[in-house]
Amino acid sequence: MPGTPPQHDGGPTLRDVLLHKGYLGLLLVSALVGIPVSLAAFGFVGLEHQLQHWIWESLPETAGYGRAPWWWPLPALLLAGLLLAPVVTRLPGNGGHVPVDGIGGPPTPPRAVPGVVLAALACLPLGAVLGPEAPLMALGGGLALLAVRSARRAEQPQLVAVLGTAGAAAAISTIFGSPLVAAVMLIEAAGLGGPQLIALILPSLLASGVGALVFTGFGHWTGLAIGALSLPQVPSTGPPDPGDFLWGVPLAAAVALVCVAGQTLGRRVKAFTAADTARMTAARTVLCAVAVGGCIALYALLTDRSPEEAALSGQATLGALAADPAAWPIGALLALVLCKGLGWSIALGSLRGGPIFPAILLGAALGVACAPLPGFGTAPALAVGLAASGAAVTRLPVTSAVLATALLGAEAAEAMPLLIVATVTAFITGEALRGRREWHRAEAHRAGAAGPGAPP
């Protein structure tokens, strides 16, 4: 760990780490870095939100439509693919990592940050079924590393990891509705323990707190919305009863199945877009973007509702669903899960953005669709969908429970036992499904290596 005293007698104690001069300096740097990183992140999210509003609301109204027509996603996603293709094939960093690979990995090098920003602005406002969390983390980590000279980064790789994590925490400090969610997510993803865990959590927590302060202050000052994942209004709930667990456990498993299936398809799409030549990669990227637009248009055709509900990351649709679940027929909810889920799967392997926000909406929609089951209800079904989808897609159960708690607000206390059971069920189901897929892949690889004439 950077700035920690040398190990002796089994390693430094927590007190040694926290009081070491180098570590105190790291905390100061983390707090200071959080300010410019949060300003850059605020500008990015504010610009993305304004572009989204213009493309999906202002422009259709200017064209004489009361809302975006069903075919609107087709040219929008075609444009997204055309803008993204040169970024993916020509700029350093290829526009950031492919969403299906998750949210982990090493910090983004500073030279790759422009490509990440351009790729995200090409995809997210135009309707890619992805969230802003991954680009923001890359932006924050890359900008934080600018505070450290390249020579020092090469000498101290641990410093890169800690400072990059703190920058990422600052950048996403409010888009999950609470800076605590960002800190817990990054710490749980790091997989550390003991003094190392505390040594990482404090810079991340401090940077995310500073980031949340900057986001809040600039939001009030500028009047710009940042599109944080939040539920202004949720159904009231009470203590869970046996019926909630009777339906909640299989619902959590079903949500995990949907999420893992989407990620599996996303990996196939990733393999499809990773062509031998840059020209072929660009062409396949555009093709996949148009396919995502087709999924969104199909939702609008099937339901006679706005395609905007199935496009984008899903924050606005999630808020509308939680505020008025009765306004959503079961058929519309199932169509949303099918069409948005398919579009999300394709986007995971081809476009650029984050995997979490759309998955949360898919889980919530599937949950509300199951709410009429006897002995169930809207509030517990929504809670199960939120917790299960987060656990299945992130593979971070503690983060998912904290995120669901933050989304439900005051209603979370009553629903906590059900939230925890749903989180654990979805996490175990997802890992079991992935393990089975990996086992089949290993068996196929061994069979191919043995050859057709090999003995069984």
# chains A, B, ... in the order shown; residues from 1 in each chain; ligands from 1
>>> select_by_dssp(residues="range 28-78 of chain A", states="helix (DSSP H, G or I)", output="PDB file with C-alpha atoms, in the first residue's frame")
ATOM      1  CA  LEU A  28      -5.048  14.875   1.618  1.00  0.00           C
ATOM      2  CA  VAL A  29      -4.342  14.239  -2.063  1.00  0.00           C
ATOM      3  CA  SER A  30      -7.547  12.170  -2.335  1.00  0.00           C
ATOM      4  CA  ALA A  31      -9.615  15.006  -0.895  1.00  0.00           C
ATOM      5  CA  LEU A  32      -8.004  17.601  -3.148  1.00  0.00           C
ATOM      6  CA  VAL A  33      -8.248  15.415  -6.249  1.00  0.00           C
ATOM      7  CA  GLY A  34     -11.932  14.855  -5.535  1.00  0.00           C
ATOM      8  CA  ILE A  35     -12.710  18.511  -6.295  1.00  0.00           C
ATOM      9  CA  PRO A  36     -11.521  18.785  -9.936  1.00  0.00           C
ATOM     10  CA  VAL A  37     -12.631  15.219 -10.662  1.00  0.00           C
ATOM     11  CA  SER A  38     -16.134  15.983  -9.384  1.00  0.00           C
ATOM     12  CA  LEU A  39     -16.294  19.190 -11.397  1.00  0.00           C
ATOM     13  CA  ALA A  40     -15.350  17.307 -14.560  1.00  0.00           C
ATOM     14  CA  ALA A  41     -17.849  14.546 -13.756  1.00  0.00           C
ATOM     15  CA  PHE A  42     -20.579  17.091 -13.083  1.00  0.00           C
ATOM     16  CA  GLY A  43     -19.915  18.729 -16.437  1.00  0.00           C
ATOM     17  CA  PHE A  44     -19.995  15.374 -18.204  1.00  0.00           C
ATOM     18  CA  VAL A  45     -23.248  14.210 -16.596  1.00  0.00           C
ATOM     19  CA  GLY A  46     -24.889  17.602 -17.038  1.00  0.00           C
ATOM     20  CA  LEU A  47     -23.972  17.680 -20.740  1.00  0.00           C
ATOM     21  CA  GLU A  48     -25.134  14.093 -21.250  1.00  0.00           C
ATOM     22  CA  HIS A  49     -28.447  14.841 -19.543  1.00  0.00           C
ATOM     23  CA  GLN A  50     -29.048  17.970 -21.637  1.00  0.00           C
ATOM     24  CA  LEU A  51     -28.226  16.147 -24.891  1.00  0.00           C
ATOM     25  CA  GLN A  52     -30.578  13.343 -23.894  1.00  0.00           C
ATOM     26  CA  HIS A  53     -33.395  15.812 -23.201  1.00  0.00           C
ATOM     27  CA  TRP A  54     -32.825  17.570 -26.538  1.00  0.00           C
ATOM     28  CA  ILE A  55     -32.691  14.363 -28.610  1.00  0.00           C
ATOM     29  CA  TRP A  56     -35.657  12.559 -27.031  1.00  0.00           C
ATOM     30  CA  GLU A  57     -37.967  15.411 -26.044  1.00  0.00           C
ATOM     31  CA  SER A  58     -37.150  18.802 -27.585  1.00  0.00           C
ATOM     32  CA  LEU A  59     -36.276  17.584 -31.068  1.00  0.00           C
ATOM     33  CA  PRO A  60     -39.436  15.425 -31.516  1.00  0.00           C
ATOM     34  CA  GLU A  61     -41.577  18.355 -30.341  1.00  0.00           C
ATOM     35  CA  THR A  62     -39.825  20.654 -32.805  1.00  0.00           C
ATOM     36  CA  PRO A  73     -34.526   5.021 -32.081  1.00  0.00           C
ATOM     37  CA  LEU A  74     -33.469   3.711 -35.504  1.00  0.00           C
ATOM     38  CA  PRO A  75     -31.764   6.869 -36.849  1.00  0.00           C
ATOM     39  CA  ALA A  76     -30.644   7.828 -33.331  1.00  0.00           C
ATOM     40  CA  LEU A  77     -28.797   4.564 -32.751  1.00  0.00           C
ATOM     41  CA  LEU A  78     -27.464   4.535 -36.319  1.00  0.00           C
TER      42      LEU A  78
END
>>> residues_around(residues="Gln233 in chain A", least_positions_apart="6", cutoff="8 Å", atoms="only C-alpha atoms", output="number ranges by chain")
A: 319, 322-323
>>> write_last_selection(atoms="all heavy atoms", output="short mmCIF file (atom, residue, chain, number, x, y, z; two decimals), in the first residue's frame")
data_model
loop_
_atom_site.label_atom_id
_atom_site.label_comp_id
_atom_site.auth_asym_id
_atom_site.auth_seq_id
_atom_site.Cartn_x
_atom_site.Cartn_y
_atom_site.Cartn_z
N GLY A 319 -38.01 5.74 -12.12
CA GLY A 319 -38.73 6.64 -11.22
C GLY A 319 -40.21 6.67 -11.51
O GLY A 319 -41.04 6.66 -10.59
N ALA A 322 -41.80 3.30 -10.28
CA ALA A 322 -41.95 3.22 -8.83
C ALA A 322 -43.02 4.17 -8.31
O ALA A 322 -43.73 3.87 -7.35
CB ALA A 322 -40.62 3.52 -8.15
N ALA A 323 -43.17 5.33 -8.96
CA ALA A 323 -44.15 6.31 -8.49
C ALA A 323 -45.58 5.91 -8.80
O ALA A 323 -46.49 6.19 -8.03
CB ALA A 323 -43.84 7.68 -9.12
#
>>> residues_around(residues="Ala122 in chain A", least_positions_apart="5", cutoff="8 Å", atoms="only C-alpha atoms", output="ChimeraX atom specification")
/A:80-81,83-84
>>> residues_around(residues="range 264-281 of chain A", least_positions_apart="5", cutoff="9 Å", atoms="only C-alpha atoms", output="short mmCIF file (atom, residue, chain, number, x, y, z; two decimals) with all heavy atoms, in the first residue's frame")
data_model
loop_
_atom_site.label_atom_id
_atom_site.label_comp_id
_atom_site.auth_asym_id
_atom_site.auth_seq_id
_atom_site.Cartn_x
_atom_site.Cartn_y
_atom_site.Cartn_z
N ALA A 85 -17.88 4.22 -33.89
CA ALA A 85 -16.97 3.34 -34.62
C ALA A 85 -15.55 3.90 -34.73
O ALA A 85 -14.58 3.19 -34.42
CB ALA A 85 -17.55 3.03 -36.00
N PRO A 86 -15.34 5.16 -35.14
CA PRO A 86 -13.96 5.65 -35.22
C PRO A 86 -13.29 5.80 -33.86
O PRO A 86 -12.06 5.66 -33.75
CB PRO A 86 -14.11 7.02 -35.92
CG PRO A 86 -15.53 7.41 -35.71
CD PRO A 86 -16.30 6.14 -35.68
N VAL A 88 -13.76 3.75 -31.28
CA VAL A 88 -13.37 2.39 -30.87
C VAL A 88 -12.16 1.89 -31.64
O VAL A 88 -11.31 1.19 -31.10
CB VAL A 88 -14.57 1.44 -31.06
CG1 VAL A 88 -14.15 -0.01 -30.91
CG2 VAL A 88 -15.67 1.76 -30.07
N THR A 89 -12.05 2.26 -32.91
CA THR A 89 -11.00 1.69 -33.75
C THR A 89 -9.75 2.54 -33.86
O THR A 89 -8.70 2.05 -34.26
CB THR A 89 -11.55 1.45 -35.17
OG1 THR A 89 -12.10 2.67 -35.69
CG2 THR A 89 -12.65 0.38 -35.13
N ARG A 90 -9.82 3.84 -33.47
CA ARG A 90 -8.68 4.71 -33.73
C ARG A 90 -8.09 5.40 -32.52
O ARG A 90 -6.90 5.72 -32.50
CB ARG A 90 -9.08 5.78 -34.77
CG ARG A 90 -9.48 5.20 -36.11
CD ARG A 90 -9.83 6.30 -37.10
NE ARG A 90 -10.28 5.75 -38.39
CZ ARG A 90 -10.65 6.49 -39.42
NH1 ARG A 90 -10.63 7.81 -39.33
NH2 ARG A 90 -11.05 5.90 -40.54
N VAL A 98 -15.34 -2.71 -22.73
CA VAL A 98 -16.66 -3.17 -23.18
C VAL A 98 -17.52 -3.44 -21.94
O VAL A 98 -17.08 -4.08 -20.99
CB VAL A 98 -16.52 -4.45 -24.03
CG1 VAL A 98 -17.88 -4.91 -24.54
CG2 VAL A 98 -15.57 -4.19 -25.20
N PRO A 99 -18.77 -2.95 -21.89
CA PRO A 99 -19.58 -3.03 -20.67
C PRO A 99 -19.75 -4.44 -20.12
O PRO A 99 -19.89 -4.62 -18.91
CB PRO A 99 -20.91 -2.42 -21.10
CG PRO A 99 -20.60 -1.55 -22.25
CD PRO A 99 -19.45 -2.18 -22.95
N VAL A 100 -19.78 -5.45 -21.01
CA VAL A 100 -20.02 -6.80 -20.52
C VAL A 100 -18.88 -7.30 -19.64
O VAL A 100 -19.04 -8.28 -18.90
CB VAL A 100 -20.24 -7.76 -21.72
CG1 VAL A 100 -18.92 -8.11 -22.40
CG2 VAL A 100 -20.97 -9.03 -21.28
N ASP A 101 -17.74 -6.64 -19.68
CA ASP A 101 -16.62 -7.03 -18.85
C ASP A 101 -16.76 -6.56 -17.41
O ASP A 101 -15.91 -6.86 -16.58
CB ASP A 101 -15.30 -6.48 -19.43
CG ASP A 101 -14.94 -7.14 -20.74
OD1 ASP A 101 -15.36 -8.29 -20.97
OD2 ASP A 101 -14.24 -6.51 -21.56
N CYS A 259 -30.63 -11.50 -16.00
CA CYS A 259 -29.39 -10.71 -16.05
C CYS A 259 -28.22 -11.53 -16.59
O CYS A 259 -27.45 -11.05 -17.43
CB CYS A 259 -29.06 -10.17 -14.66
SG CYS A 259 -30.20 -8.91 -14.05
N VAL A 286 -21.54 -0.55 -35.82
CA VAL A 286 -22.70 0.18 -36.34
C VAL A 286 -23.90 -0.75 -36.47
O VAL A 286 -25.04 -0.39 -36.12
CB VAL A 286 -22.36 0.82 -37.70
CG1 VAL A 286 -23.61 1.46 -38.32
CG2 VAL A 286 -21.26 1.85 -37.54
N CYS A 288 -24.58 -3.41 -34.71
CA CYS A 288 -25.12 -3.69 -33.38
C CYS A 288 -25.89 -2.50 -32.83
O CYS A 288 -26.93 -2.67 -32.18
CB CYS A 288 -23.98 -4.06 -32.43
SG CYS A 288 -23.24 -5.68 -32.74
N LEU A 342 -33.13 -7.33 -24.43
CA LEU A 342 -32.39 -7.73 -25.62
C LEU A 342 -31.48 -6.60 -26.10
O LEU A 342 -30.32 -6.83 -26.46
CB LEU A 342 -33.38 -8.13 -26.72
CG LEU A 342 -32.76 -8.67 -28.02
CD1 LEU A 342 -31.88 -9.88 -27.75
CD2 LEU A 342 -33.87 -9.02 -29.02
N TRP A 344 -30.23 -4.23 -24.25
CA TRP A 344 -29.15 -4.15 -23.25
C TRP A 344 -28.09 -5.20 -23.51
O TRP A 344 -26.89 -4.92 -23.44
CB TRP A 344 -29.77 -4.31 -21.86
CG TRP A 344 -28.82 -4.39 -20.72
CD1 TRP A 344 -27.97 -3.40 -20.28
CD2 TRP A 344 -28.60 -5.51 -19.85
NE1 TRP A 344 -27.26 -3.84 -19.19
CE2 TRP A 344 -27.63 -5.13 -18.90
CE3 TRP A 344 -29.15 -6.79 -19.76
CZ2 TRP A 344 -27.19 -5.98 -17.90
CZ3 TRP A 344 -28.72 -7.64 -18.77
CH2 TRP A 344 -27.75 -7.25 -17.85
N SER A 345 -28.50 -6.41 -23.83
CA SER A 345 -27.55 -7.49 -24.09
C SER A 345 -26.65 -7.16 -25.28
O SER A 345 -25.43 -7.37 -25.23
CB SER A 345 -28.31 -8.80 -24.36
OG SER A 345 -29.16 -9.14 -23.29
N ILE A 346 -27.25 -6.64 -26.35
CA ILE A 346 -26.45 -6.29 -27.53
C ILE A 346 -25.52 -5.13 -27.22
O ILE A 346 -24.34 -5.14 -27.60
CB ILE A 346 -27.38 -5.94 -28.70
CG1 ILE A 346 -28.25 -7.15 -29.07
CG2 ILE A 346 -26.59 -5.49 -29.92
CD1 ILE A 346 -29.35 -6.84 -30.07
N ALA A 347 -26.03 -4.13 -26.50
CA ALA A 347 -25.20 -2.97 -26.15
C ALA A 347 -24.04 -3.37 -25.24
O ALA A 347 -22.96 -2.78 -25.32
CB ALA A 347 -26.06 -1.90 -25.48
N LEU A 348 -24.25 -4.35 -24.37
CA LEU A 348 -23.20 -4.78 -23.46
C LEU A 348 -21.94 -5.21 -24.21
O LEU A 348 -20.82 -5.01 -23.73
CB LEU A 348 -23.69 -5.94 -22.59
CG LEU A 348 -24.59 -5.62 -21.40
CD1 LEU A 348 -25.02 -6.90 -20.71
CD2 LEU A 348 -23.90 -4.69 -20.42
N GLY A 349 -22.11 -5.82 -25.37
CA GLY A 349 -20.96 -6.36 -26.08
C GLY A 349 -20.45 -5.49 -27.21
O GLY A 349 -19.46 -5.86 -27.86
N SER A 350 -21.09 -4.33 -27.44
CA SER A 350 -20.71 -3.57 -28.63
C SER A 350 -20.57 -2.07 -28.39
O SER A 350 -19.72 -1.43 -29.03
CB SER A 350 -21.74 -3.80 -29.74
OG SER A 350 -23.04 -3.42 -29.30
N ARG A 434 -23.35 -19.00 -13.94
CA ARG A 434 -22.06 -18.72 -14.58
C ARG A 434 -21.12 -19.90 -14.45
O ARG A 434 -20.37 -20.22 -15.38
CB ARG A 434 -21.43 -17.48 -13.95
CG ARG A 434 -22.19 -16.19 -14.25
CD ARG A 434 -21.45 -14.99 -13.70
NE ARG A 434 -22.19 -13.77 -13.96
CZ ARG A 434 -22.99 -13.19 -13.09
NH1 ARG A 434 -23.18 -13.73 -11.89
NH2 ARG A 434 -23.64 -12.07 -13.40
N ARG A 437 -22.02 -22.45 -17.04
CA ARG A 437 -21.59 -22.04 -18.37
C ARG A 437 -20.08 -22.23 -18.53
O ARG A 437 -19.60 -22.70 -19.57
CB ARG A 437 -21.95 -20.57 -18.59
CG ARG A 437 -21.66 -20.05 -19.98
CD ARG A 437 -21.71 -18.55 -20.03
NE ARG A 437 -20.63 -17.97 -19.25
CZ ARG A 437 -20.78 -16.99 -18.38
NH1 ARG A 437 -21.95 -16.49 -18.15
NH2 ARG A 437 -19.74 -16.51 -17.71
#
>>> residues_around(residues="range 300-302 of chain A", least_positions_apart="6", cutoff="9 Å", atoms="only C-alpha atoms", output="ChimeraX atom specification")
/A:69-71,308-310,332,335
>>> residues_around(residues="Thr108 in chain A", least_positions_apart="2", cutoff="9 Å", atoms="only C-alpha atoms", output="JSON list (two decimals) with all heavy atoms, in the first residue's frame")
[["chain", "number", "residue", "atom", "x", "y", "z"],
["A", 93, "GLY", "N", -7.20, 3.53, -26.04],
["A", 93, "GLY", "CA", -8.15, 2.99, -25.08],
["A", 93, "GLY", "C", -9.42, 2.45, -25.67],
["A", 93, "GLY", "O", -10.26, 1.91, -24.96],
["A", 96, "GLY", "N", -12.84, 3.02, -24.01],
["A", 96, "GLY", "CA", -13.14, 2.41, -22.71],
["A", 96, "GLY", "C", -13.43, 0.93, -22.85],
["A", 96, "GLY", "O", -13.55, 0.41, -23.95],
["A", 105, "GLY", "N", -11.32, -3.75, -12.97],
["A", 105, "GLY", "CA", -10.17, -3.56, -13.81],
["A", 105, "GLY", "C", -9.28, -2.43, -13.34],
["A", 105, "GLY", "O", -9.64, -1.67, -12.43],
["A", 106, "PRO", "N", -8.12, -2.29, -13.94],
["A", 106, "PRO", "CA", -7.18, -1.24, -13.54],
["A", 106, "PRO", "C", -7.70, 0.14, -13.90],
["A", 106, "PRO", "O", -8.56, 0.28, -14.77],
["A", 106, "PRO", "CB", -5.91, -1.59, -14.33],
["A", 106, "PRO", "CG", -6.41, -2.34, -15.52],
["A", 106, "PRO", "CD", -7.61, -3.11, -15.04],
["A", 110, "PRO", "N", -4.54, 8.19, -18.27],
["A", 110, "PRO", "CA", -5.02, 9.53, -18.63],
["A", 110, "PRO", "C", -5.15, 9.74, -20.13],
["A", 110, "PRO", "O", -6.08, 10.43, -20.58],
["A", 110, "PRO", "CB", -3.94, 10.45, -18.03],
["A", 110, "PRO", "CG", -3.41, 9.68, -16.86],
["A", 110, "PRO", "CD", -3.43, 8.24, -17.29],
["A", 111, "ARG", "N", -4.29, 9.14, -20.93],
["A", 111, "ARG", "CA", -4.36, 9.38, -22.37],
["A", 111, "ARG", "C", -5.60, 8.75, -23.00],
["A", 111, "ARG", "O", -5.98, 9.12, -24.12],
["A", 111, "ARG", "CB", -3.10, 8.83, -23.05],
["A", 111, "ARG", "CG", -3.00, 7.31, -23.05],
["A", 111, "ARG", "CD", -1.66, 6.86, -23.60],
["A", 111, "ARG", "NE", -1.60, 5.40, -23.76],
["A", 111, "ARG", "CZ", -1.89, 4.78, -24.88],
["A", 111, "ARG", "NH1", -2.25, 5.47, -25.94],
["A", 111, "ARG", "NH2", -1.83, 3.46, -24.96],
["A", 112, "ALA", "N", -6.24, 7.81, -22.30],
["A", 112, "ALA", "CA", -7.44, 7.17, -22.83],
["A", 112, "ALA", "C", -8.72, 7.89, -22.44],
["A", 112, "ALA", "O", -9.79, 7.57, -22.95],
["A", 112, "ALA", "CB", -7.51, 5.72, -22.36],
["A", 113, "VAL", "N", -8.64, 8.88, -21.54],
["A", 113, "VAL", "CA", -9.83, 9.56, -21.05],
["A", 113, "VAL", "C", -10.61, 10.27, -22.16],
["A", 113, "VAL", "O", -11.84, 10.17, -22.21],
["A", 113, "VAL", "CB", -9.46, 10.53, -19.92],
["A", 113, "VAL", "CG1", -10.63, 11.46, -19.57],
["A", 113, "VAL", "CG2", -9.05, 9.75, -18.67],
["A", 137, "MET", "N", -16.50, 6.34, -13.91],
["A", 137, "MET", "CA", -15.41, 5.74, -13.16],
["A", 137, "MET", "C", -14.09, 5.86, -13.92],
["A", 137, "MET", "O", -13.04, 6.16, -13.35],
["A", 137, "MET", "CB", -15.73, 4.28, -12.84],
["A", 137, "MET", "CG", -16.85, 4.10, -11.84],
["A", 137, "MET", "SD", -17.37, 2.38, -11.64],
["A", 137, "MET", "CE", -15.87, 1.69, -10.90],
["A", 138, "ALA", "N", -14.15, 5.62, -15.23],
["A", 138, "ALA", "CA", -12.94, 5.76, -16.05],
["A", 138, "ALA", "C", -12.47, 7.20, -16.08],
["A", 138, "ALA", "O", -11.25, 7.48, -15.98],
["A", 138, "ALA", "CB", -13.22, 5.26, -17.47],
["A", 139, "LEU", "N", -13.40, 8.13, -16.21],
["A", 139, "LEU", "CA", -13.06, 9.54, -16.21],
["A", 139, "LEU", "C", -12.42, 9.95, -14.88],
["A", 139, "LEU", "O", -11.36, 10.59, -14.85],
["A", 139, "LEU", "CB", -14.32, 10.37, -16.46],
["A", 139, "LEU", "CG", -14.20, 11.89, -16.31],
["A", 139, "LEU", "CD1", -13.29, 12.46, -17.38],
["A", 139, "LEU", "CD2", -15.58, 12.55, -16.39],
["A", 140, "GLY", "N", -13.03, 9.55, -13.78],
["A", 140, "GLY", "CA", -12.49, 9.92, -12.47],
["A", 140, "GLY", "C", -11.14, 9.31, -12.19],
["A", 140, "GLY", "O", -10.23, 9.98, -11.71],
["A", 141, "GLY", "N", -11.00, 8.01, -12.51],
["A", 141, "GLY", "CA", -9.71, 7.36, -12.27],
["A", 141, "GLY", "C", -8.61, 7.95, -13.12],
["A", 141, "GLY", "O", -7.49, 8.19, -12.65],
["A", 142, "GLY", "N", -8.90, 8.20, -14.40],
["A", 142, "GLY", "CA", -7.88, 8.76, -15.29],
["A", 142, "GLY", "C", -7.46, 10.16, -14.88],
["A", 142, "GLY", "O", -6.27, 10.50, -14.89],
["A", 143, "LEU", "N", -8.44, 11.01, -14.52],
["A", 143, "LEU", "CA", -8.10, 12.37, -14.10],
["A", 143, "LEU", "C", -7.33, 12.38, -12.79],
["A", 143, "LEU", "O", -6.43, 13.20, -12.58],
["A", 143, "LEU", "CB", -9.37, 13.21, -13.97],
["A", 143, "LEU", "CG", -10.11, 13.53, -15.27],
["A", 143, "LEU", "CD1", -11.34, 14.38, -14.99],
["A", 143, "LEU", "CD2", -9.19, 14.25, -16.25],
["A", 145, "LEU", "N", -5.21, 10.20, -11.78],
["A", 145, "LEU", "CA", -3.83, 9.81, -12.03],
["A", 145, "LEU", "C", -3.00, 10.93, -12.63],
["A", 145, "LEU", "O", -1.77, 10.88, -12.60],
["A", 145, "LEU", "CB", -3.79, 8.59, -12.96],
["A", 145, "LEU", "CG", -4.37, 7.30, -12.37],
["A", 145, "LEU", "CD1", -4.18, 6.15, -13.33],
["A", 145, "LEU", "CD2", -3.74, 6.98, -11.02],
["A", 164, "GLY", "N", -6.49, 5.92, -8.22],
["A", 164, "GLY", "CA", -7.47, 5.70, -9.28],
["A", 164, "GLY", "C", -8.82, 5.33, -8.71],
["A", 164, "GLY", "O", -9.86, 5.79, -9.19]]
>>> atom_distance(atom1="CA of Ala422 in chain A", atom2="CA of Val249 in chain A")
6.1 Å
>>> closest_residue(among="A:Ala207, A:Ala379, A:Val290, A:Ala183", to="Ala128 in chain A", atoms="only C-alpha atoms")
A:Val290
>>> atom_distance(atom1="CA of Ala327 in chain A", atom2="CA of Gly385 in chain A")
18.0 Å
>>> closest_residue(among="A:Gly115, A:Pro329, A:Gly127, A:Pro250", to="Gly293 in chain A", atoms="only C-alpha atoms")
A:Gly127
>>> closest_residue(among="A:Leu246, A:Ala283, A:Val402, A:Leu27", to="Pro179 in chain A", atoms="only C-alpha atoms")
A:Val402
>>> atom_distance(atom1="CA of Leu146 in chain A", atom2="CA of Thr399 in chain A")
28.1 Å
>>> closest_residue(among="A:Ile330, A:Val116, A:Val184, A:Ala404", to="Ile420 in chain A", atoms="only C-alpha atoms")
A:Ala404
